[in-house]
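Just coords.txt here, compact mmCIF, C-alpha atoms:
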# COMPACT_ATOMS: atom_id res chain seq x y z
CA MET C 10 98.12 168.42 125.38
CA ARG C 11 96.89 171.94 124.65
CA LEU C 12 93.64 173.07 126.20
CA ALA C 13 91.68 173.22 122.93
CA ALA C 14 92.76 169.73 121.91
CA LEU C 15 91.98 168.37 125.35
CA LEU C 16 88.45 169.76 125.30
CA ILE C 17 87.77 168.50 121.77
CA ALA C 18 88.80 165.04 122.95
CA LEU C 19 86.54 165.33 125.96
CA LEU C 20 83.53 166.33 123.89
CA ALA C 21 83.99 163.25 121.72
CA ALA C 22 83.01 161.01 124.65
CA VAL C 23 79.90 158.99 123.88
CA VAL C 24 77.14 159.62 126.42
CA SER C 25 73.43 159.14 125.87
CA PRO C 26 71.74 162.52 126.37
CA VAL C 27 68.81 163.04 128.72
CA ASP C 28 65.78 164.67 127.13
CA ALA C 29 66.00 168.47 127.33
CA ARG C 30 62.67 168.73 129.16
CA SER C 31 62.31 170.05 132.69
CA ASP C 32 63.14 167.32 135.21
CA ARG C 33 62.64 166.56 138.86
CA ILE C 34 66.24 165.86 139.86
CA VAL C 35 67.70 164.11 142.89
CA SER C 36 71.43 164.54 143.44
CA LEU C 37 73.41 161.95 145.36
CA GLY C 38 76.81 163.51 145.98
CA GLY C 39 78.23 166.92 146.82
CA THR C 40 80.11 167.28 143.53
CA ALA C 41 77.07 166.10 141.57
CA THR C 42 74.99 168.84 143.18
CA GLU C 43 77.58 171.52 142.43
CA LEU C 44 77.82 170.41 138.81
CA LEU C 45 74.05 170.37 138.35
CA VAL C 46 73.82 173.92 139.70
CA ALA C 47 76.74 175.08 137.55
CA LEU C 48 74.99 173.58 134.53
CA GLY C 49 71.83 175.56 135.27
CA ARG C 50 69.75 172.68 136.64
CA GLY C 51 69.56 173.90 140.25
CA PRO C 52 65.88 174.96 139.98
CA GLU C 53 64.98 171.36 139.07
CA LEU C 54 66.55 169.81 142.17
CA VAL C 55 64.00 168.22 144.50
CA GLY C 56 66.30 166.39 146.91
CA VAL C 57 69.97 165.94 147.86
CA ASP C 58 72.14 163.73 150.04
CA THR C 59 73.90 164.93 153.20
CA THR C 60 77.26 165.53 151.45
CA SER C 61 75.66 168.26 149.33
CA ALA C 62 76.68 171.52 151.00
CA HIS C 63 77.04 174.04 148.17
CA PRO C 64 75.35 176.34 147.29
CA VAL C 65 74.35 176.66 150.95
CA ASP C 66 71.00 178.44 150.51
CA LEU C 67 69.77 176.05 147.84
CA VAL C 68 70.69 172.77 149.52
CA ALA C 69 69.35 173.98 152.86
CA SER C 70 65.94 174.44 151.26
CA LEU C 71 65.77 170.91 149.81
CA PRO C 72 64.75 167.58 151.36
CA GLN C 73 67.76 165.67 152.71
CA LEU C 74 67.96 162.00 151.75
CA GLY C 75 70.59 160.90 154.24
CA SER C 76 74.01 159.48 153.47
CA LYS C 77 74.89 158.64 149.88
CA ARG C 78 76.36 155.39 151.23
CA ARG C 79 73.07 154.27 152.82
CA LEU C 80 70.47 155.06 150.21
CA SER C 81 66.84 154.07 150.31
CA ALA C 82 64.89 153.65 147.08
CA GLU C 83 61.63 154.34 148.92
CA GLY C 84 62.83 157.70 150.25
CA ILE C 85 64.05 158.80 146.83
CA LEU C 86 60.92 157.64 144.99
CA GLU C 87 58.73 159.59 147.42
CA LEU C 88 60.10 162.73 145.73
CA THR C 89 58.88 161.43 142.32
CA PRO C 90 62.16 162.18 140.51
CA THR C 91 62.54 161.80 136.77
CA LEU C 92 66.34 161.99 136.94
CA VAL C 93 68.89 160.91 139.57
CA VAL C 94 72.53 161.98 139.28
CA ALA C 95 74.66 159.75 141.49
CA GLY C 96 78.32 159.99 142.40
CA GLU C 97 80.51 156.90 142.16
CA GLU C 98 80.28 156.37 145.93
CA ALA C 99 76.46 156.24 145.95
CA SER C 100 75.42 152.90 147.42
CA PRO C 101 74.09 150.33 147.72
CA ARG C 102 74.11 149.91 143.96
CA LYS C 103 70.95 147.82 144.08
CA VAL C 104 69.06 151.00 145.05
CA LEU C 105 70.13 152.67 141.81
CA ARG C 106 68.98 149.59 139.88
CA GLN C 107 65.63 149.73 141.69
CA LEU C 108 65.24 153.36 140.62
CA GLU C 109 65.93 152.44 137.01
CA ARG C 110 63.38 149.64 137.15
CA ALA C 111 60.89 152.19 138.45
CA GLY C 112 61.43 154.27 135.31
CA VAL C 113 63.80 156.88 136.72
CA THR C 114 66.75 157.89 134.55
CA VAL C 115 69.97 157.40 136.53
CA VAL C 116 73.19 159.12 135.48
CA ARG C 117 76.29 157.90 137.29
CA LEU C 118 79.25 160.23 137.74
CA PRO C 119 82.67 158.54 137.79
CA LEU C 120 85.30 159.36 140.37
CA ALA C 121 87.77 162.10 139.47
CA SER C 122 91.26 162.41 140.90
CA SER C 123 93.06 164.61 138.37
CA ARG C 124 92.39 167.77 136.42
CA ARG C 125 91.82 165.74 133.26
CA SER C 126 89.32 163.34 134.79
CA ALA C 127 87.57 166.26 136.51
CA ALA C 128 87.18 168.05 133.18
CA GLU C 129 86.05 164.86 131.47
CA ARG C 130 83.39 164.34 134.10
CA ILE C 131 81.96 167.82 133.56
CA VAL C 132 81.76 167.29 129.80
CA GLU C 133 80.21 163.83 130.18
CA LEU C 134 77.50 165.15 132.49
CA GLY C 135 76.86 168.09 130.18
CA LYS C 136 76.37 165.72 127.25
CA ALA C 137 74.05 163.54 129.32
CA LEU C 138 71.96 166.61 130.14
CA GLY C 139 72.04 167.97 126.59
CA GLN C 140 74.14 170.98 127.65
CA ASP C 141 77.34 170.44 125.69
CA GLN C 142 78.42 174.04 125.22
CA LEU C 143 77.98 175.12 128.84
CA SER C 144 79.80 172.03 130.10
CA MET C 145 82.66 172.70 127.68
CA ARG C 146 83.00 176.23 129.05
CA LEU C 147 82.98 174.94 132.63
CA ALA C 148 85.59 172.31 131.81
CA ALA C 149 87.75 174.88 130.04
CA GLN C 150 87.57 177.20 133.04
CA LEU C 151 88.51 174.38 135.40
CA VAL C 152 91.56 173.42 133.32
CA THR C 153 92.54 177.11 133.07
CA ASP C 154 92.28 177.54 136.84
CA PHE C 155 94.50 174.53 137.48
CA ALA C 156 97.03 175.93 134.99
CA SER C 157 96.96 179.27 136.85
CA ALA C 158 97.68 177.49 140.13
CA GLU C 159 100.65 175.73 138.53
CA ARG C 160 102.05 179.03 137.24
CA ILE C 161 101.90 180.52 140.73
CA ALA C 162 103.47 177.37 142.14
CA ALA C 163 106.31 177.50 139.60
CA ALA C 164 107.31 180.94 140.94
CA LEU C 165 107.52 179.88 144.59
CA PRO C 166 110.95 180.28 146.20
CA ARG C 167 110.74 176.65 147.32
CA GLN C 168 108.23 173.85 147.65
CA PRO C 169 106.58 174.00 151.06
CA ARG C 170 105.88 170.87 153.08
CA VAL C 171 102.14 170.80 153.70
CA LEU C 172 99.97 168.52 155.82
CA PHE C 173 96.23 168.25 155.19
CA ILE C 174 94.54 167.22 158.41
CA GLN C 175 91.01 166.18 159.29
CA ALA C 176 89.38 166.28 162.71
CA ARG C 177 88.00 163.04 164.09
CA GLY C 178 85.20 162.70 166.60
CA ASN C 179 87.49 161.71 169.47
CA GLY C 180 89.47 164.96 169.27
CA SER C 181 92.34 163.41 167.30
CA LEU C 182 93.62 164.45 163.88
CA ALA C 183 94.11 162.32 160.76
CA ALA C 184 96.34 162.99 157.76
CA ALA C 185 95.39 162.30 154.15
CA GLY C 186 98.20 160.64 152.21
CA GLU C 187 99.59 161.07 148.74
CA ASP C 188 97.18 158.56 147.16
CA THR C 189 94.16 160.70 148.06
CA ASN C 190 92.55 163.68 146.30
CA ALA C 191 94.09 165.86 149.01
CA GLY C 192 97.57 164.68 148.00
CA VAL C 193 96.85 165.42 144.34
CA MET C 194 95.58 168.92 145.16
CA LEU C 195 98.67 169.69 147.22
CA GLU C 196 100.86 168.61 144.32
CA LEU C 197 98.89 170.73 141.84
CA SER C 198 99.36 173.78 144.08
CA GLY C 199 103.12 173.31 144.26
CA ALA C 200 103.42 171.69 147.68
CA ILE C 201 105.17 168.59 148.96
CA ASP C 202 102.70 166.38 150.81
CA ALA C 203 104.18 166.09 154.30
CA ALA C 204 102.21 162.86 154.70
CA GLU C 205 104.04 161.43 151.68
CA LYS C 206 104.70 158.09 153.37
CA THR C 207 101.06 157.76 154.34
CA THR C 208 98.51 155.93 152.20
CA GLY C 209 94.85 156.63 152.74
CA ARG C 210 94.12 158.29 156.07
CA ARG C 211 95.64 157.58 159.46
CA THR C 212 95.51 159.10 162.94
CA LEU C 213 98.44 161.35 163.80
CA THR C 214 100.46 161.28 167.01
CA ALA C 215 102.59 164.12 168.36
CA ASP C 216 105.65 162.32 167.00
CA ASP C 217 104.03 162.13 163.56
CA PHE C 218 103.61 165.90 163.48
CA LEU C 219 107.23 166.45 164.45
CA ALA C 220 108.48 163.96 161.86
CA ALA C 221 106.34 165.51 159.11
CA ARG C 222 107.83 169.00 159.67
CA PRO C 223 105.01 170.79 157.84
CA ASP C 224 105.51 174.41 156.80
CA PHE C 225 101.73 174.74 156.50
CA LEU C 226 98.71 172.94 157.86
CA VAL C 227 95.58 172.74 155.71
CA VAL C 228 92.25 172.12 157.39
CA SER C 229 88.64 172.55 156.32
CA ALA C 230 86.79 175.55 157.72
CA ARG C 231 84.24 173.14 159.20
CA ASP C 232 86.90 171.10 161.00
CA LEU C 233 88.66 174.22 162.29
CA GLU C 234 85.37 175.35 163.79
CA ARG C 235 85.01 171.94 165.49
CA LEU C 236 88.49 172.39 166.94
CA GLU C 237 87.51 175.84 168.29
CA GLY C 238 89.76 177.74 165.93
CA ILE C 239 93.50 177.98 165.45
CA GLU C 240 94.14 178.08 169.18
CA GLY C 241 92.30 174.80 169.63
CA LEU C 242 94.28 173.25 166.79
CA LEU C 243 97.61 174.42 168.20
CA ALA C 244 96.70 173.02 171.61
CA LEU C 245 96.66 169.45 170.27
CA PRO C 246 99.79 167.35 170.99
CA GLY C 247 102.73 168.15 168.73
CA VAL C 248 101.00 170.71 166.50
CA ALA C 249 102.45 173.88 168.06
CA LEU C 250 106.00 172.50 167.78
CA THR C 251 105.92 172.14 163.99
CA PRO C 252 107.20 174.93 161.70
CA ALA C 253 103.56 175.50 160.71
CA GLY C 254 102.48 175.76 164.34
CA LYS C 255 105.31 178.06 165.35
CA ASN C 256 104.52 180.43 162.46
CA ARG C 257 100.73 179.96 162.72
CA ARG C 258 100.58 178.96 159.08
CA VAL C 259 97.13 177.39 158.96
CA VAL C 260 95.23 177.53 155.66
CA THR C 261 91.51 176.84 155.64
CA VAL C 262 89.68 175.32 152.70
CA ASP C 263 86.17 174.38 151.71
CA ASP C 264 86.46 170.60 151.88
CA GLN C 265 84.13 169.98 148.94
CA ALA C 266 86.06 172.36 146.68
CA PHE C 267 89.37 170.93 147.92
CA LEU C 268 88.54 167.24 147.74
CA GLY C 269 85.68 166.92 145.26
CA PHE C 270 87.42 167.79 141.95
CA GLY C 271 84.33 169.77 141.00
CA PRO C 272 83.84 173.17 139.33
CA ARG C 273 85.45 175.09 142.24
CA SER C 274 88.52 172.89 142.64
CA GLY C 275 90.72 174.89 140.28
CA ARG C 276 90.04 178.02 142.32
CA ALA C 277 90.82 176.04 145.47
CA ALA C 278 94.23 175.14 143.99
CA ILE C 279 94.85 178.82 143.22
CA HIS C 280 93.93 179.72 146.81
CA LEU C 281 96.46 177.20 148.11
CA ALA C 282 99.28 178.30 145.80
CA LYS C 283 98.73 181.95 146.78
CA SER C 284 98.71 180.94 150.44
CA TRP C 285 102.14 179.31 150.06
CA GLN C 286 103.33 182.40 148.21
CA ARG C 287 102.25 184.77 151.00
CA GLY C 288 103.40 182.52 153.85
CA LEU C 289 106.88 181.89 152.45
CA LYS C 290 107.50 185.65 152.13
CA ARG C 291 107.16 186.17 155.89
Please render this file's structure as structure tokens.
Amino acid sequence: MRLAALLIALLAAVVSPVDARSDRIVSLGGTATELLVALGRGPELVGVDTTSAHPVDLVASLPQLGSKRRLSAEGILELTPTLVVAGEEASPRKVLRQLERAGVTVVRLPLASSRRSAAERIVELGKALGQDQLSMRLAAQLVTDFASAERIAAALPRQPRVLFIQARGNGSLAAAGEDTNAGVMLELSGAIDAAEKTTGRRTLTADDFLAARPDFLVVSARDLERLEGIEGLLALPGVALTPAGKNRRVVTVDDQAFLGFGPRSGRAAIHLAKSWQRGLKR
């Protein structure tokens, strides 16, 4: 479907708009926070959950409400919000119902795991906030960015095998499989998910790394810092013996942009595709 037709279809979604007055907004989810800021509602934020990490300066200045999976109605109501925007994973759900009974407008964001659902989510939130035109522009830019990543990917000399890894507290590494947002992002950027036989997330052994044969390793900047940099990553069992380890092909990402299917995810896909392009030329 062409971009214009896709966006017209998205705008046709039926969502009850929030009054266009100034609100006191609580955001429960990293992607929700990014979208609210992108839609110009950042100055109205009065509290966020712990997954909200971007923009750094703004979220650092706001009250933190703890994990979006362990919400407390009392803590949220203390901020006297008029509007709560909650990601699909916000729980327990009874807390959101308590907020609604207290007179707070609650807008729930659905999960997104594709460029279409990510664009739809932006448009739906924009309609709910009475900001149709801005949300349409953001959705159009996101779809355009994903298309740019695919064009770069189409010109690659071959599809690289890529493994997205996450650091765990015990010093081990876990891979995200093809049924995760990480797997979708790797596909959109032209890569073969080296964890293709993995569903969900699982801890990796040295043998797993060798069997995966990744050309590149992708890791969040935050996790790489926890591992004490590339040298710390390569020191873990099996990592240095992979093609990625031997060639030091480690690509860092912002995990929210990479996994959240929010307004920066298209640019994250471009970053990945360009990384494959540069690395495969060496």
Between CA of Leu67 in chain C and CA of Leu195 in chain C lies a distance of 29.6 Å
Pick from C:Gly192, C:Pro90, C:Pro272, C:Gly288, whichever lies nearest to Leu45 in chain C using only C-alpha atoms: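 Distance minimum relative to Leu45 in chain C lands on C:Pro272.
Distance annotation: of C:Ile85, C:Leu48, C:Ala282, C:Ala183, the residue with the minimal separation from Phe218 in chain C is C:Ala183; atom set is only C-alpha atoms.
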If we count only C-alpha atoms, what is near Lys290 in chain C at a cut-off of 10 Å, once residues fewer than 3 positions away on the same chain are taken out, given as a list of chain:residue names? C:Leu165, C:Pro166, C:Trp285, C:Gln286, C:Arg287
Spatial neighbours of Ala253 in chain C, max dist 8 Å, only C-alpha atoms, sep filter under 3 positions, as a list in words: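 Using only C-alpha atoms, the neighbours found are Arg222, Pro223, Asp224, Phe225, Leu226, Val248, Ala249, Asn256, Arg257, Arg258 and Val259 of chain C.
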So which one's closest to Val113 in chain C, C:Glu133, C:Thr89, C:Leu74, C:Gly96? Using all atoms listed in the file, please.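 Closest candidate: C:Thr89.
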Could you check how far CA of Val93 in chain C sits from CA of Val115 in chain C, in Å to one decimal?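 CA of Val115 in chain C lies 4.8 Å from CA of Val93 in chain C.
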What does the structure give for the distance between CA of Thr214 in chain C and CA of Gly254 in chain C, in Å to one decimal?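 Result for CA of Thr214 in chain C versus CA of Gly254 in chain C: 14.9 Å, one decimal.
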Within 12 Å of range 61-65 of chain C, which residues of range 160-270 of chain C come that close, and what is the closest atom pair and distance in Å for each? Count all atoms listed in the file and give it as CSV.
residue,atom,partner,partner_atom,distance
C:Arg231,CA,C:Ala62,CA,11.3
C:Asp263,CA,C:His63,CA,9.8
C:Asp264,CA,C:Ala62,CA,9.9
C:Gln265,CA,C:Ala62,CA,7.9
C:Ala266,CA,C:His63,CA,9.3
C:Gly269,CA,C:Ser61,CA,10.9
Please dump the current selection as a PDB file, keeping the file's coordinate frame; keep C-alpha atoms.
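Saved to result-v4.pdb:
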ATOM      1  CA  ARG C 231      84.240 173.140 159.200  1.00  0.00           C
ATOM      2  CA  ASP C 263      86.170 174.380 151.710  1.00  0.00           C
ATOM      3  CA  ASP C 264      86.460 170.600 151.880  1.00  0.00           C
ATOM      4  CA  GLN C 265      84.130 169.980 148.940  1.00  0.00           C
ATOM      5  CA  ALA C 266      86.060 172.360 146.680  1.00  0.00           C
ATOM      6  CA  GLY C 269      85.680 166.920 145.260  1.00  0.00           C
TER       7      GLY C 269
END
Distance criterion (only C-alpha atoms): nearest to Gln107 in chain C out of C:Gln168, C:Ser81, C:Thr91, C:Thr251: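 So, comparing all the options, the nearest one is C:Ser81.
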List the neighbours of Leu118 in chain C out to 8 Å using all atoms listed in the file; skip same-chain residues closer than 2 positions along the sequence, and give me the result as a PDB file with C-alpha atoms, in the coordinates of the input.
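File written: result.pdb
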ATOM      1  CA  ALA C  41      77.070 166.100 141.570  1.00  0.00           C
ATOM      2  CA  VAL C  94      72.530 161.980 139.280  1.00  0.00           C
ATOM      3  CA  ALA C  95      74.660 159.750 141.490  1.00  0.00           C
ATOM      4  CA  GLY C  96      78.320 159.990 142.400  1.00  0.00           C
ATOM      5  CA  GLU C  97      80.510 156.900 142.160  1.00  0.00           C
ATOM      6  CA  VAL C 116      73.190 159.120 135.480  1.00  0.00           C
ATOM      7  CA  LEU C 120      85.300 159.360 140.370  1.00  0.00           C
ATOM      8  CA  ARG C 130      83.390 164.340 134.100  1.00  0.00           C
ATOM      9  CA  LEU C 134      77.500 165.150 132.490  1.00  0.00           C
TER      10      LEU C 134
END
Between C:Leu71, C:Ala203, C:Ala162, C:Ala148, which has the minimum distance to Val55 in chain C (counting all atoms listed in the file)? C:Leu71
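With all atoms listed in the file as the basis for measurement, C:Arg170 is the residue among C:Arg170, C:Arg177, C:Lys255, C:Arg124 that approaches Ile201 in chain C most closely.
Residues within 10 Å of Ala121 in chain C, counting all atoms listed in the file and excluding same-chain residues fewer than 4 positions away, are Glu97, Arg125, Ser126, Ala127, Ala128, Glu129, Arg130, Asn190, Leu268, Gly269, Phe270 and Gly271 of chain C.
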Close residues, Pro101 in chain C itself excluded, 7 Å, only C-alpha atoms, min 5 positions apart in chain, as a list in words: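 Contacts, with the query itself left out: Arg78, Arg79 and Leu80 of chain C.
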Mind giving me the axis-aligned box for range 160-172 of chain C with 4 Å on every side, centre plus edges in Å to one decimal, as JSON?
{"center_x": 105.5, "center_y": 174.7, "center_z": 146.5, "size_x": 19.0, "size_y": 20.4, "size_z": 26.6}
